[in-house]
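Trainee: Structure file my_file14.pdb (PDB, C-alpha atoms) right here:
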ATOM      1  CA  MET A   1       0.000   0.000   0.000  1.00  0.00           C
ATOM      2  CA  ASP A   2       2.786   2.456   0.857  1.00  0.00           C
ATOM      3  CA  ASP A   3       4.499   1.649  -2.456  1.00  0.00           C
ATOM      4  CA  GLU A   4       1.262   2.427  -4.302  1.00  0.00           C
ATOM      5  CA  ARG A   5       0.931   5.779  -2.518  1.00  0.00           C
ATOM      6  CA  THR A   6       4.569   6.628  -3.259  1.00  0.00           C
ATOM      7  CA  GLN A   7       4.141   5.741  -6.940  1.00  0.00           C
ATOM      8  CA  SER A   8       0.897   7.716  -7.089  1.00  0.00           C
ATOM      9  CA  GLY A   9       2.545  10.673  -5.340  1.00  0.00           C
ATOM     10  CA  ASP A  10       5.564  10.485  -7.659  1.00  0.00           C
ATOM     11  CA  SER A  11       3.267  10.440 -10.680  1.00  0.00           C
ATOM     12  CA  MET A  12       1.355  13.459  -9.366  1.00  0.00           C
ATOM     13  CA  LEU A  13       4.621  15.286  -8.660  1.00  0.00           C
ATOM     14  CA  ARG A  14       5.911  14.491 -12.153  1.00  0.00           C
ATOM     15  CA  ASP A  15       2.699  15.824 -13.708  1.00  0.00           C
ATOM     16  CA  SER A  16       2.789  18.959 -11.563  1.00  0.00           C
ATOM     17  CA  LEU A  17       6.446  19.673 -12.298  1.00  0.00           C
ATOM     18  CA  GLU A  18       5.908  19.138 -16.016  1.00  0.00           C
ATOM     19  CA  ALA A  19       2.886  21.479 -15.939  1.00  0.00           C
ATOM     20  CA  HIS A  20       5.279  24.112 -14.583  1.00  0.00           C
ATOM     21  CA  GLY A  21       7.938  23.655 -17.270  1.00  0.00           C
ATOM     22  CA  LEU A  22      10.126  21.108 -15.487  1.00  0.00           C
ATOM     23  CA  LYS A  23      10.558  17.947 -17.529  1.00  0.00           C
ATOM     24  CA  MET A  24      11.828  14.783 -15.870  1.00  0.00           C
ATOM     25  CA  SER A  25      14.902  13.378 -17.561  1.00  0.00           C
ATOM     26  CA  ASP A  26      15.166   9.695 -18.408  1.00  0.00           C
ATOM     27  CA  THR A  27      18.918   9.946 -17.908  1.00  0.00           C
ATOM     28  CA  GLY A  28      20.119   8.726 -14.523  1.00  0.00           C
ATOM     29  CA  ILE A  29      21.612  10.675 -11.671  1.00  0.00           C
ATOM     30  CA  PRO A  30      25.303  11.371 -12.393  1.00  0.00           C
ATOM     31  CA  ASP A  31      27.917   9.736 -10.181  1.00  0.00           C
ATOM     32  CA  GLU A  32      29.246  13.247  -9.498  1.00  0.00           C
ATOM     33  CA  ALA A  33      26.050  14.212  -7.651  1.00  0.00           C
ATOM     34  CA  PRO A  34      26.649  14.953  -3.988  1.00  0.00           C
ATOM     35  CA  TYR A  35      24.971  12.737  -1.462  1.00  0.00           C
ATOM     36  CA  ILE A  36      21.618  14.128  -0.365  1.00  0.00           C
ATOM     37  CA  LEU A  37      22.681  14.456   3.275  1.00  0.00           C
ATOM     38  CA  THR A  38      25.837  16.292   2.240  1.00  0.00           C
ATOM     39  CA  ALA A  39      23.721  18.754   0.246  1.00  0.00           C
ATOM     40  CA  ILE A  40      21.253  19.184   3.103  1.00  0.00           C
ATOM     41  CA  ARG A  41      24.100  19.893   5.516  1.00  0.00           C
ATOM     42  CA  ALA A  42      25.478  22.500   3.099  1.00  0.00           C
ATOM     43  CA  VAL A  43      22.122  24.302   3.379  1.00  0.00           C
ATOM     44  CA  THR A  44      21.180  23.745   7.012  1.00  0.00           C
ATOM     45  CA  GLY A  45      24.479  23.466   8.874  1.00  0.00           C
ATOM     46  CA  HIS A  46      25.068  25.576  11.971  1.00  0.00           C
ATOM     47  CA  TYR A  47      27.607  27.870  10.322  1.00  0.00           C
ATOM     48  CA  VAL A  48      25.683  28.347   7.071  1.00  0.00           C
ATOM     49  CA  ARG A  49      25.110  31.948   6.059  1.00  0.00           C
ATOM     50  CA  PRO A  50      22.876  32.977   3.177  1.00  0.00           C
ATOM     51  CA  ALA A  51      24.114  34.485  -0.048  1.00  0.00           C
ATOM     52  CA  VAL A  52      20.829  36.428  -0.006  1.00  0.00           C
ATOM     53  CA  SER A  53      18.384  37.048   2.844  1.00  0.00           C
ATOM     54  CA  ILE A  54      14.891  38.367   2.117  1.00  0.00           C
ATOM     55  CA  PRO A  55      12.385  39.295   4.864  1.00  0.00           C
ATOM     56  CA  ARG A  56       9.147  37.384   4.332  1.00  0.00           C
ATOM     57  CA  THR A  57       7.225  40.501   5.319  1.00  0.00           C
ATOM     58  CA  SER A  58       8.468  42.295   2.207  1.00  0.00           C
ATOM     59  CA  PRO A  59       5.631  42.820  -0.275  1.00  0.00           C
ATOM     60  CA  THR A  60       8.012  41.831  -3.080  1.00  0.00           C
ATOM     61  CA  ALA A  61       9.582  38.830  -1.286  1.00  0.00           C
ATOM     62  CA  LEU A  62       8.504  36.193  -3.808  1.00  0.00           C
ATOM     63  CA  ASP A  63       9.629  38.269  -6.773  1.00  0.00           C
ATOM     64  CA  GLN A  64      12.961  38.936  -5.063  1.00  0.00           C
ATOM     65  CA  ILE A  65      13.477  35.232  -4.361  1.00  0.00           C
ATOM     66  CA  ASP A  66      12.769  34.379  -7.995  1.00  0.00           C
ATOM     67  CA  ARG A  67      15.079  37.049  -9.361  1.00  0.00           C
ATOM     68  CA  ARG A  68      17.929  36.628  -6.894  1.00  0.00           C
ATOM     69  CA  TRP A  69      17.853  32.811  -7.020  1.00  0.00           C
ATOM     70  CA  HIS A  70      18.345  32.949 -10.789  1.00  0.00           C
ATOM     71  CA  GLU A  71      21.196  35.449 -10.430  1.00  0.00           C
ATOM     72  CA  GLU A  72      22.989  33.131  -8.007  1.00  0.00           C
ATOM     73  CA  ALA A  73      22.182  30.013 -10.044  1.00  0.00           C
ATOM     74  CA  GLU A  74      23.508  31.601 -13.221  1.00  0.00           C
ATOM     75  CA  TYR A  75      26.733  32.626 -11.512  1.00  0.00           C
ATOM     76  CA  LEU A  76      27.181  29.080 -10.148  1.00  0.00           C
ATOM     77  CA  ARG A  77      26.157  27.456 -13.453  1.00  0.00           C
ATOM     78  CA  ILE A  78      23.459  25.321 -11.851  1.00  0.00           C
ATOM     79  CA  TYR A  79      21.831  24.748 -15.239  1.00  0.00           C
ATOM     80  CA  ALA A  80      23.570  22.685 -17.904  1.00  0.00           C
ATOM     81  CA  ARG A  81      23.376  24.106 -21.445  1.00  0.00           C
ATOM     82  CA  ASP A  82      20.171  22.184 -22.093  1.00  0.00           C
ATOM     83  CA  GLY A  83      18.626  23.424 -18.833  1.00  0.00           C
ATOM     84  CA  GLU A  84      19.171  20.216 -16.864  1.00  0.00           C
ATOM     85  CA  PHE A  85      19.958  20.196 -13.158  1.00  0.00           C
ATOM     86  CA  LEU A  86      19.334  18.095 -10.056  1.00  0.00           C
ATOM     87  CA  LEU A  87      16.536  18.933  -7.630  1.00  0.00           C
ATOM     88  CA  ARG A  88      15.760  17.829  -4.089  1.00  0.00           C
ATOM     89  CA  THR A  89      12.247  18.890  -3.123  1.00  0.00           C
ATOM     90  CA  SER A  90      10.908  19.306   0.420  1.00  0.00           C
ATOM     91  CA  ASP A  91       7.519  17.666  -0.076  1.00  0.00           C
ATOM     92  CA  ALA A  92       6.295  14.382   1.385  1.00  0.00           C
ATOM     93  CA  GLY A  93       8.148  11.549  -0.297  1.00  0.00           C
ATOM     94  CA  SER A  94      11.286  13.545  -1.042  1.00  0.00           C
ATOM     95  CA  GLU A  95      13.351  11.455   1.377  1.00  0.00           C
ATOM     96  CA  GLU A  96      12.552   8.255  -0.510  1.00  0.00           C
ATOM     97  CA  ARG A  97      12.813   9.913  -3.905  1.00  0.00           C
ATOM     98  CA  GLY A  98      16.276  11.471  -3.615  1.00  0.00           C
ATOM     99  CA  TRP A  99      17.521  13.589  -6.502  1.00  0.00           C
ATOM    100  CA  LEU A 100      15.317  14.383  -9.475  1.00  0.00           C
ATOM    101  CA  ARG A 101      17.021  15.114 -12.777  1.00  0.00           C
ATOM    102  CA  LEU A 102      15.012  17.827 -14.519  1.00  0.00           C
ATOM    103  CA  ARG A 103      15.196  20.041 -17.579  1.00  0.00           C
ATOM    104  CA  ASP A 104      13.848  23.542 -17.063  1.00  0.00           C
ATOM    105  CA  THR A 105      12.099  24.618 -20.250  1.00  0.00           C
ATOM    106  CA  VAL A 106      11.146  28.050 -18.881  1.00  0.00           C
ATOM    107  CA  ARG A 107      14.323  29.239 -17.082  1.00  0.00           C
ATOM    108  CA  THR A 108      12.602  31.965 -15.039  1.00  0.00           C
ATOM    109  CA  ARG A 109      10.845  32.045 -11.665  1.00  0.00           C
ATOM    110  CA  LEU A 110      12.003  28.548 -10.664  1.00  0.00           C
ATOM    111  CA  PRO A 111      11.360  29.042  -6.924  1.00  0.00           C
ATOM    112  CA  SER A 112       7.754  30.095  -7.597  1.00  0.00           C
ATOM    113  CA  ARG A 113       7.206  27.187  -9.966  1.00  0.00           C
ATOM    114  CA  ILE A 114       8.594  24.673  -7.481  1.00  0.00           C
ATOM    115  CA  LYS A 115       6.325  26.083  -4.773  1.00  0.00           C
ATOM    116  CA  SER A 116       3.359  25.808  -7.141  1.00  0.00           C
ATOM    117  CA  SER A 117       4.326  22.218  -7.975  1.00  0.00           C
ATOM    118  CA  THR A 118       5.128  20.915  -4.502  1.00  0.00           C
ATOM    119  CA  GLY A 119       3.409  23.302  -2.110  1.00  0.00           C
ATOM    120  CA  TYR A 120       6.763  24.033  -0.455  1.00  0.00           C
ATOM    121  CA  ARG A 121       9.142  26.937  -0.936  1.00  0.00           C
ATOM    122  CA  GLU A 122      12.253  25.094   0.174  1.00  0.00           C
ATOM    123  CA  PHE A 123      14.359  23.136  -2.316  1.00  0.00           C
ATOM    124  CA  ILE A 124      17.941  22.331  -3.234  1.00  0.00           C
ATOM    125  CA  ALA A 125      19.219  22.587  -6.807  1.00  0.00           C
ATOM    126  CA  VAL A 126      22.600  21.191  -7.816  1.00  0.00           C
ATOM    127  CA  SER A 127      24.534  21.293 -11.081  1.00  0.00           C
ATOM    128  CA  LEU A 128      24.916  18.002 -12.969  1.00  0.00           C
ATOM    129  CA  ASP A 129      28.656  17.975 -12.266  1.00  0.00           C
ATOM    130  CA  GLY A 130      27.825  18.068  -8.553  1.00  0.00           C
ATOM    131  CA  ARG A 131      29.999  21.086  -7.862  1.00  0.00           C
ATOM    132  CA  SER A 132      27.492  23.870  -7.264  1.00  0.00           C
ATOM    133  CA  LEU A 133      24.411  24.179  -5.090  1.00  0.00           C
ATOM    134  CA  CYS A 134      21.776  26.912  -4.939  1.00  0.00           C
ATOM    135  CA  ALA A 135      18.890  26.453  -2.510  1.00  0.00           C
ATOM    136  CA  VAL A 136      15.941  28.248  -0.956  1.00  0.00           C
ATOM    137  CA  SER A 137      15.589  27.801   2.793  1.00  0.00           C
ATOM    138  CA  ILE A 138      13.128  29.247   5.301  1.00  0.00           C
ATOM    139  CA  GLU A 139      14.813  30.613   8.409  1.00  0.00           C
ATOM    140  CA  GLU A 140      12.633  32.228  11.078  1.00  0.00           C
ATOM    141  CA  ASP A 141      11.169  35.331   9.396  1.00  0.00           C
ATOM    142  CA  GLU A 142      13.393  35.297   6.330  1.00  0.00           C
ATOM    143  CA  ASP A 143      13.808  33.367   3.132  1.00  0.00           C
ATOM    144  CA  TRP A 144      17.410  32.497   2.447  1.00  0.00           C
ATOM    145  CA  ILE A 145      19.118  31.739  -0.801  1.00  0.00           C
ATOM    146  CA  VAL A 146      22.020  29.522   0.146  1.00  0.00           C
ATOM    147  CA  THR A 147      24.874  28.768  -2.222  1.00  0.00           C
ATOM    148  CA  HIS A 148      27.694  26.296  -1.874  1.00  0.00           C
ATOM    149  CA  VAL A 149      30.555  25.036  -4.004  1.00  0.00           C
ATOM    150  CA  PHE A 150      31.601  21.495  -3.150  1.00  0.00           C
ATOM    151  CA  THR A 151      35.202  20.409  -3.088  1.00  0.00           C
ATOM    152  CA  SER A 152      35.910  16.934  -4.390  1.00  0.00           C
ATOM    153  CA  GLU A 153      36.309  15.631  -0.818  1.00  0.00           C
ATOM    154  CA  ALA A 154      32.957  17.052   0.305  1.00  0.00           C
ATOM    155  CA  HIS A 155      30.943  15.160  -2.305  1.00  0.00           C
ATOM    156  CA  HIS A 156      31.283  11.771  -0.745  1.00  0.00           C
ATOM    157  CA  THR A 157      31.385  12.136   3.007  1.00  0.00           C
ATOM    158  CA  ILE A 158      28.325   9.950   3.621  1.00  0.00           C
ATOM    159  CA  PRO A 159      28.097   6.373   2.330  1.00  0.00           C
ATOM    160  CA  ARG A 160      25.458   6.044  -0.402  1.00  0.00           C
ATOM    161  CA  ARG A 161      23.735   3.147   1.349  1.00  0.00           C
ATOM    162  CA  ALA A 162      23.040   5.453   4.295  1.00  0.00           C
ATOM    163  CA  GLU A 163      20.552   7.375   2.212  1.00  0.00           C
ATOM    164  CA  ASN A 164      17.953   6.620  -0.429  1.00  0.00           C
ATOM    165  CA  GLN A 165      19.100   7.865  -3.808  1.00  0.00           C
TER     166      GLN A 165
END
So, in terms of C-alpha cells, how does the structure I just supplied come out?

Mentor:
Amino acid sequence: MDDERTQSGDSMLRDSLEAHGLKMSDTGIPDEAPYILTAIRAVTGHYVRPAVSIPRTSPTALDQIDRRWHEEAEYLRIYARDGEFLLRTSDAGSEERGWLRLRDTVRTRLPSRIKSSTGYREFIAVSLDGRSLCAVSIEEDEDWIVTHVFTSEAHHTIPRRAENQ
C-alpha cells in the first residue's frame, strides 16, 4: 500500500512539475552528484550563512526570491546548457525519492514554480557535475538563498547506502 501511494505521489509530482515547465529526464543521476545528506548539511548546517536574505514581510519577497535565485544560479552554473539540473524537493516523499534530474524549459521564476508544484518553498538545486548548489531555505522570518561550491572531498562524506538515492 505504501508503495502504491509513493508511486501515485511520484506520478502526481511528475505531472505537476511538467505542468510548470520542469521535464523529468530519463537519464540517470550522475555519479558526481553529492549525497543528499551532504547537500542538506550545506544548506542547514550551523555555520551556514545565506548568499541572499529576504524578509518574508516584504511585499516583493517572492519576486525577489525568484530574481535573486536565478542570479545566483547563473553565476554558479546550476543549469547545464540544455537546462538540466538536479533537484531535491521538500515535499512528502522527497526522502525516498532522492535527486530528481530535470530540464527547465522556462528558465525563469524557478522558486515560484517549485512552490506551485510541490506546495513548499524550500528546495535544493545542484549542477549536474555536482559542484554547485543553490537552494531556498526558510529561516525564522526570512527566506534564504544559500549557495555552496563542493570540493571533491565534500561530495562523498556519507556512504550512499546510508541514504535513499

Trainee: Near region 35-51 of chain A, counting all atoms listed in the file, which residues have an atom at most 6 Å away, once you skip same-chain residues fewer than 6 positions from it, shown as a PDB file with C-alpha atoms, keeping the file's coordinate frame?

Mentor:
ATOM      1  CA  TRP A 144      17.410  32.497   2.447  1.00  0.00           C
ATOM      2  CA  ILE A 145      19.118  31.739  -0.801  1.00  0.00           C
ATOM      3  CA  VAL A 146      22.020  29.522   0.146  1.00  0.00           C
TER       4      VAL A 146
END

Trainee: Produce a table with one row for each residue of region 94-161 of chain A that has an atom at most 12 Å from any atom of region 58-61 of chain A, each row naming the nearest atom pair and its distance in Å at one decimal; use all atoms listed in the file; arrange rows by chain and rising residue number; format as a Markdown table.

Mentor:
| residue | atom | partner | partner_atom | distance |
| --- | --- | --- | --- | --- |
| A:Pro111 | CA | A:Ala61 | CA | 11.4 |
| A:Ser112 | CA | A:Ala61 | CA | 10.9 |
| A:Arg121 | CA | A:Ala61 | CA | 11.9 |
| A:Asp141 | CA | A:Ser58 | CA | 10.4 |
| A:Glu142 | CA | A:Ala61 | CA | 9.2 |
| A:Asp143 | CA | A:Ala61 | CA | 8.2 |
| A:Trp144 | CA | A:Ala61 | CA | 10.7 |
| A:Ile145 | CA | A:Ala61 | CA | 11.9 |

Trainee: Measuring between only C-alpha atoms, which one of A:Pro55, A:Gly21, A:Gly28, A:Pro34 shows the shortest distance to Val126 (chain A)?

Mentor: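 Among the listed residues, the smallest separation from Val126 (chain A) belongs to A:Pro34.
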
Trainee: If the PyMOL selection byres ((chain A and resi 108) around 12) were run on this exact file, what residues would it hold? Put them as number ranges by chain.

Mentor: A: 20-22, 63, 65-71, 73-74, 79, 83, 104-107, 109-114

Trainee: Let me make sure I understand: among A:Ser16, A:Thr151, A:Thr89, A:Ser25, which one has the smallest atom-to-atom distance to Asp129 (chain A) if we use all atoms listed in the file?

Mentor: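 Distance minimum relative to Asp129 (chain A) lands on A:Thr151.
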
Trainee: Any idea what's packed within 6 Å of Ala33 (chain A), counting only C-alpha atoms, ignoring anything in its chain fewer than 2 positions away? Could you give it as JSON, numbers by chain?

Mentor: {"A": [30, 31, 130]}

Trainee: Using only C-alpha atoms, can you tell me which of A:Ser137, A:Lys115, A:Met12, A:Glu32 comes closest to Phe150 (chain A)?

Mentor: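 Residue with the minimum atom-to-atom distance to Phe150 (chain A): A:Glu32.
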
Trainee: Could you tell me which residues the PyMOL selection byres ((chain A and resi 26) around 12) returns for this structure, as a VMD selection string?

Mentor: chain A and resid 23 to 25 27 to 30 84 100 to 103

Trainee: Which residue out of A:Trp99, A:Thr147, A:Ser90, A:Glu18 has the minimum interatomic distance to Phe123 (chain A) when all atoms listed in the file are used?

Mentor: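 Going through A:Trp99, A:Thr147, A:Ser90, A:Glu18 one by one, the smallest distance to Phe123 (chain A) is for A:Ser90.
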
Trainee: In Å to one decimal, how far is CA of Ser127 (chain A) from CA of Phe85 (chain A)?

Mentor: 5.1 Å

Trainee: Tell me which of A:Ala125, A:Ser94, A:Leu133, A:Arg56 sits closest to Leu13 (chain A), counting all atoms listed in the file.

Mentor: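 Of A:Ala125, A:Ser94, A:Leu133, A:Arg56, the one nearest Leu13 (chain A), counting all atoms listed in the file, is A:Ser94.
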
Trainee: Report, as AutoDock Vina command-line options, the axis-aligned box around all atoms of region 49-63 of chain A present in the file, extended by 8 Å on each side; give centre and edge lengths in Å to one decimal place.

Mentor:
--center_x 15.4 --center_y 37.4 --center_z -0.4 --size_x 35.5 --size_y 26.9 --size_z 28.8

Trainee: Kindly give the distance, in Å, that separates CA of Val149 (chain A) and CA of Arg88 (chain A), rounded to a single decimal.

Mentor: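 Distance between the two atoms: 16.5 Å.
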